[in-house]
Structure formats: structure tokens, C-alpha cells
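*Asks:* One structure coming up, written as C-alpha cells, with questions to follow.
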Amino acid sequence: MEPLGPPSDPPSPWVQRFTDLVPAGGPVLDVASGGGRHTRWFLARGHPVTAVDRDVRALTPTAGLTIVEADLEDGRPFPFAPATCAGVVVTNYLWRPILAEIVACVAPGGTLLYETFAMGNERFGRPSNPDFLLAPGELLDAVRDANLRVVAYEDIVVDTPRPAAVQRIAATCP
Ligand SMILES: C[S@@+](CC[C@H](N)C(=O)[O-])C[C@H]1O[C@@H](n2cnc3c(N)ncnc32)[C@H](O)[C@@H]1O
């Protein structure tokens with residue numbers, strides 16, 4: 001049975017590359033899951049997944065999937081407990097007030113995979129609002145504040161799927 005709605009975009013190559021850092025079978029939190037490309041990816045690899053987004057219409061209930069419809073920017077506490085996730089994946093989303101709480105969800109032995117737009121992206125288009133663009137080194141600072149170990153980090157301009165300035169990190173919790 002197809003676990004989600006219509007096929008969405010392919011998973012991020014960054015997420016694919018570091019997926020094996022997420023302990024086998026461990027629970028994954030997909031923050032701002034959107035069309036569900038990473039929810040689909042981790043479900044297919046045997047992980048229970050919690051997908052949270054304000055718009056969950058792309059997600060269909062299926063075994064192993066917990067769907068949470070929530071506005072993550074409404075000022076309420078982040079709805080997930082610290083140190084509970086084997087994997088936390090965030091792509092193309094930033095809401096700075098909850099960044100530390102997102103990182104804190106990584107459990108000991110778990111992994112954060114985060115990739116989103118960075119300052120400098122405004123020359124390519126949207127997002128261009130600084131509220132939605134990572135400052136230089138911001139992901140590094142976030143994981144160091146949580147005592148995660150950086151496995152890989154990039155702050156670069158990519159050409160695909162379209163020109164964009166991005167930061168991305170893979171970091172593990174000791
Ligand atoms: C650019 S999409 C990225 C989706 C997915 N992470 C991916 O990379 O395919 C941004 C997502 O953030 C979600 N989003 C934006 N504001 C939100 C909010 N206040 N609360 C929860 N989700 C939000 C949107 O609904 C959308 O699904």
C-alpha cells in the first residue's frame with residue numbers, strides 16, 4: 001500500500017547520504033514534513049516516523065506514521081520532548097525561535113540532518129527574508145550548544161534543483 005499521497009519530490013541527497021547515521025529502526029521526527037518526501041524515505045527504511053506540519057494533507061495514515069498537524073510558529077512550546085528521536089530531519093524550513101528545541105530532540109546515539117536556505121539566498125530568489133535564512137555558522141552553533149558532534153557541514157551555493165545558498169549539517173548526539 002502506498003503510505004502517503006501522490007509521490008513527492010525525491011529525498012534530499014544530503015539526507016540520503018547520511019541516513020545510515022540514524023540508528024536502525026529508531027524513531028524519526030520529520031519537522032515541517034511538507035509533501036512527505038523524507039517521511040516516505042524513513043518509513044521505507046523501517047523507521048517509525050512522526051511528521052509534523054501545519055498542512056498535513058499530503059500525508060495518509062499508515063503503519064508506523066504519526067501525523068501531527070501543528071503550527072510550529074504560534075508561540076506554544078515545541079510539541080516534542082527532548083532526547084526522544086533517533087533521527088531528526090529538517091529540510092527547507094527555519095523558524096529560529098524553535099531551533100534549539102528541534103536540535104534537543106535528538107536522543108543519545110541519534111542524528112540531526114538539517115538542510116535549509118542560508119543568507120545569500122536572496123540573490124537567487126525566495127526565501128529572501130532574513131528570518132528564514134541561516135546566518136553564517138548558525139547550524140554549527142546550534143549543534144554545539146546541544147553538545148552534538150558535527151559529522152559533516154556545508155555552507156555553499158548549489159545549482160540543483162535550482163541555484164540556492166544553503167547550509168546543511170549532519171550531527172550526532174554522543
Ligand atoms: C518548503 S516546505 C519544505 C517541506 C519539506 N521539509 C521538504 O523539504 O520537502 C516548508 C514546509 O514548512 C511548513 N510550514 C511553514 N510554516 C509552518 C508553521 N508555522 N508550522 C508548521 N509547518 C510550517 C509548510 O507547510 C511546508 O510544508
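In the C-alpha cells, chains take the letters A, B, ... in the order shown, each chain's residues start at 1, and ligands count up from 1 in the order shown.
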Taking only C-alpha atoms and all ligand atoms into account, which residues are within 10 Å of ligand 1, as an mmCIF file with N, CA and C atoms, in the first residue's frame?

*Replies:*
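out02.cif was written with the following content:
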```
data_model
loop_
_atom_site.group_PDB
_atom_site.id
_atom_site.type_symbol
_atom_site.label_atom_id
_atom_site.label_comp_id
_atom_site.auth_asym_id
_atom_site.auth_seq_id
_atom_site.Cartn_x
_atom_site.Cartn_y
_atom_site.Cartn_z
ATOM 1 N N SER A 8 6.009 12.608 -4.007
ATOM 2 C CA SER A 8 6.522 13.966 -3.846
ATOM 3 C C SER A 8 7.917 14.025 -4.436
ATOM 4 N N ASP A 9 8.600 15.131 -4.207
ATOM 5 C CA ASP A 9 9.957 15.288 -4.717
ATOM 6 C C ASP A 9 10.866 14.196 -4.150
ATOM 7 N N PRO A 10 11.972 13.938 -4.828
ATOM 8 C CA PRO A 10 12.909 12.947 -4.286
ATOM 9 C C PRO A 10 13.540 13.461 -2.995
ATOM 10 N N PRO A 11 14.000 12.540 -2.149
ATOM 11 C CA PRO A 11 14.662 12.973 -0.919
ATOM 12 C C PRO A 11 15.905 13.799 -1.220
ATOM 13 N N SER A 12 16.223 14.674 -0.302
ATOM 14 C CA SER A 12 17.454 15.445 -0.419
ATOM 15 C C SER A 12 18.658 14.511 -0.490
ATOM 16 N N ASP A 30 10.185 14.199 11.446
ATOM 17 C CA ASP A 30 10.316 14.990 10.218
ATOM 18 C C ASP A 30 9.604 16.324 10.462
ATOM 19 N N VAL A 31 10.402 17.364 10.683
ATOM 20 C CA VAL A 31 9.858 18.676 11.046
ATOM 21 C C VAL A 31 9.540 19.470 9.785
ATOM 22 N N ALA A 32 8.302 19.981 9.714
ATOM 23 C CA ALA A 32 7.815 20.678 8.516
ATOM 24 C C ALA A 32 7.919 19.728 7.316
ATOM 25 N N SER A 33 7.209 18.640 7.441
ATOM 26 C CA SER A 33 7.362 17.490 6.534
ATOM 27 C C SER A 33 6.842 17.745 5.126
ATOM 28 N N GLY A 34 5.963 18.704 4.966
ATOM 29 C CA GLY A 34 5.509 19.090 3.624
ATOM 30 C C GLY A 34 4.894 17.935 2.859
ATOM 31 N N GLY A 35 5.427 17.684 1.667
ATOM 32 C CA GLY A 35 4.905 16.614 0.818
ATOM 33 C C GLY A 35 5.265 15.226 1.310
ATOM 34 N N GLY A 36 6.125 15.146 2.287
ATOM 35 C CA GLY A 36 6.420 13.859 2.913
ATOM 36 C C GLY A 36 7.565 13.089 2.292
ATOM 37 N N ARG A 37 8.439 13.799 1.545
ATOM 38 C CA ARG A 37 9.498 13.038 0.870
ATOM 39 C C ARG A 37 10.426 12.347 1.853
ATOM 40 N N HIS A 38 10.709 12.970 2.995
ATOM 41 C CA HIS A 38 11.592 12.321 3.972
ATOM 42 C C HIS A 38 10.817 11.409 4.918
ATOM 43 N N THR A 39 9.590 11.715 5.150
ATOM 44 C CA THR A 39 8.725 10.779 5.884
ATOM 45 C C THR A 39 8.655 9.458 5.114
ATOM 46 N N ALA A 51 5.582 12.921 11.593
ATOM 47 C CA ALA A 51 5.651 14.022 10.628
ATOM 48 C C ALA A 51 4.803 15.170 11.154
ATOM 49 N N VAL A 52 5.415 16.334 11.275
ATOM 50 C CA VAL A 52 4.686 17.494 11.780
ATOM 51 C C VAL A 52 4.738 18.611 10.750
ATOM 52 N N ASP A 53 3.595 19.198 10.545
ATOM 53 C CA ASP A 53 3.483 20.320 9.613
ATOM 54 C C ASP A 53 2.142 21.006 9.914
ATOM 55 N N ARG A 54 2.043 22.267 9.522
ATOM 56 C CA ARG A 54 0.740 22.928 9.674
ATOM 57 C C ARG A 54 -0.240 22.457 8.608
ATOM 58 N N ASP A 55 0.297 21.882 7.550
ATOM 59 C CA ASP A 55 -0.530 21.372 6.462
ATOM 60 C C ASP A 55 -0.127 19.914 6.216
ATOM 61 N N VAL A 56 -0.945 18.997 6.674
ATOM 62 C CA VAL A 56 -0.595 17.570 6.596
ATOM 63 C C VAL A 56 -1.436 16.863 5.532
ATOM 64 N N ARG A 57 -1.995 17.608 4.609
ATOM 65 C CA ARG A 57 -2.882 16.978 3.625
ATOM 66 C C ARG A 57 -2.164 15.979 2.730
ATOM 67 N N ALA A 58 -0.832 16.108 2.609
ATOM 68 C CA ALA A 58 -0.098 15.172 1.753
ATOM 69 C C ALA A 58 0.106 13.821 2.423
ATOM 70 N N VAL A 68 1.192 14.808 12.908
ATOM 71 C CA VAL A 68 0.883 15.873 13.858
ATOM 72 C C VAL A 68 0.653 17.161 13.071
ATOM 73 N N GLU A 69 -0.564 17.630 13.135
ATOM 74 C CA GLU A 69 -0.886 18.907 12.483
ATOM 75 C C GLU A 69 -0.703 20.005 13.520
ATOM 76 N N ALA A 70 0.268 20.865 13.294
ATOM 77 C CA ALA A 70 0.568 21.895 14.289
ATOM 78 C C ALA A 70 1.212 23.099 13.624
ATOM 79 N N ASP A 71 0.851 24.258 14.138
ATOM 80 C CA ASP A 71 1.550 25.489 13.756
ATOM 81 C C ASP A 71 2.743 25.630 14.693
ATOM 82 N N LEU A 72 3.922 25.472 14.147
ATOM 83 C CA LEU A 72 5.133 25.485 14.968
ATOM 84 C C LEU A 72 5.588 26.903 15.311
ATOM 85 N N GLU A 73 4.864 27.878 14.808
ATOM 86 C CA GLU A 73 5.298 29.270 14.978
ATOM 87 C C GLU A 73 4.278 30.097 15.754
ATOM 88 N N ASP A 74 3.410 29.394 16.487
ATOM 89 C CA ASP A 74 2.338 30.123 17.178
ATOM 90 C C ASP A 74 2.708 30.508 18.612
ATOM 91 N N GLY A 75 3.962 30.268 18.982
ATOM 92 C CA GLY A 75 4.415 30.678 20.307
ATOM 93 C C GLY A 75 4.223 29.630 21.378
ATOM 94 N N VAL A 89 14.951 15.201 11.140
ATOM 95 C CA VAL A 89 15.243 15.703 9.805
ATOM 96 C C VAL A 89 14.440 16.987 9.567
ATOM 97 N N VAL A 90 15.146 17.988 9.090
ATOM 98 C CA VAL A 90 14.525 19.275 8.768
ATOM 99 C C VAL A 90 15.118 19.739 7.448
ATOM 100 N N THR A 91 14.269 19.973 6.472
ATOM 101 C CA THR A 91 14.771 20.488 5.195
ATOM 102 C C THR A 91 13.876 21.615 4.718
ATOM 103 N N ASN A 92 14.533 22.642 4.250
ATOM 104 C CA ASN A 92 13.848 23.803 3.669
ATOM 105 C C ASN A 92 12.845 24.415 4.632
ATOM 106 N N TYR A 93 13.272 24.527 5.872
ATOM 107 C CA TYR A 93 12.416 25.144 6.888
ATOM 108 C C TYR A 93 13.289 25.726 7.981
ATOM 109 N N LEU A 94 12.936 26.916 8.414
ATOM 110 C CA LEU A 94 13.610 27.537 9.562
ATOM 111 C C LEU A 94 12.619 28.421 10.299
ATOM 112 N N TRP A 95 12.491 28.155 11.580
ATOM 113 C CA TRP A 95 11.816 29.093 12.468
ATOM 114 C C TRP A 95 12.720 29.197 13.692
ATOM 115 N N TYR A 114 19.941 18.392 8.915
ATOM 116 C CA TYR A 114 19.270 19.680 8.726
ATOM 117 C C TYR A 114 19.857 20.346 7.484
ATOM 118 N N GLU A 115 18.989 20.806 6.618
ATOM 119 C CA GLU A 115 19.421 21.476 5.389
ATOM 120 C C GLU A 115 18.393 22.547 5.038
ATOM 121 N N THR A 116 18.857 23.792 4.997
ATOM 122 C CA THR A 116 17.915 24.823 4.559
ATOM 123 C C THR A 116 18.669 26.034 4.011
ATOM 124 N N PHE A 117 17.915 27.032 3.627
ATOM 125 C CA PHE A 117 18.475 28.186 2.939
ATOM 126 C C PHE A 117 19.287 29.055 3.903
ATOM 127 N N PRO A 127 13.497 31.790 -0.345
ATOM 128 C CA PRO A 127 13.233 32.838 0.630
ATOM 129 C C PRO A 127 14.336 33.888 0.657
#
```

*Asks:* Among segment 56-174 of chain A, which residues carry a DSSP assignment of alpha helix (DSSP H), reported as a VMD selection string?

*Replies:* chain A and resid 99 to 104 138 to 145

*Asks:* Determine, counting only C-alpha atoms, which protein, DNA and RNA residues have an atom within 12 Å of an atom of segment 129-131 of chain A; residues of the same chain fewer than 3 positions away are not included. Present the result as a list in words.

*Replies:*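 Result of the neighbour search: Tyr93, Leu94, Trp95, Arg96, Pro97, Phe117, Ala118, Met119, Gly120, Asn121, Glu122, Arg123, Gly125, Arg126, Leu134, Ala135 and Pro136 of chain A.
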
*Asks:* For Ala152 of chain A, which of A:Pro48, A:Gly110, A:Leu59, A:Ile169 is the closest residue, counting only C-alpha atoms?

*Replies:*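 Going through A:Pro48, A:Gly110, A:Leu59, A:Ile169 one by one, the smallest distance to Ala152 of chain A is for A:Ile169.
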
*Asks:* Given only C-alpha atoms as the basis, pick out the residue of A:Gln167, A:Pro108, A:Leu113, A:Phe124 nearest to Asn147 of chain A.

*Replies:* A:Pro108

*Asks:* Atom CA of Tyr153 of chain A and atom CA of Leu65 of chain A are how many Å apart?

*Replies:* 28.9 Å

*Asks:* Write out as a PyMOL selection string the residues lying within 6 Å of Ala171 of chain A, counting only C-alpha atoms and excluding same-chain residues fewer than 4 positions away.

*Replies:* chain A and resi 111-112+148-151

*Asks:* What does the distance between atom CA of Val166 of chain A and atom CA of Glu154 of chain A come to in Å, to one decimal place?

*Replies:*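 Taking atom CA of Val166 of chain A and atom CA of Glu154 of chain A, their separation equals 7.8 Å.
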
*Asks:* In terms of the shortest atom-to-atom distance over only C-alpha atoms, which of A:Leu29, A:Val22, A:Val143, A:Ala83 is closest to Cys105 of chain A?

*Replies:*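 Among A:Leu29, A:Val22, A:Val143, A:Ala83, it is A:Ala83 that comes nearest to Cys105 of chain A.
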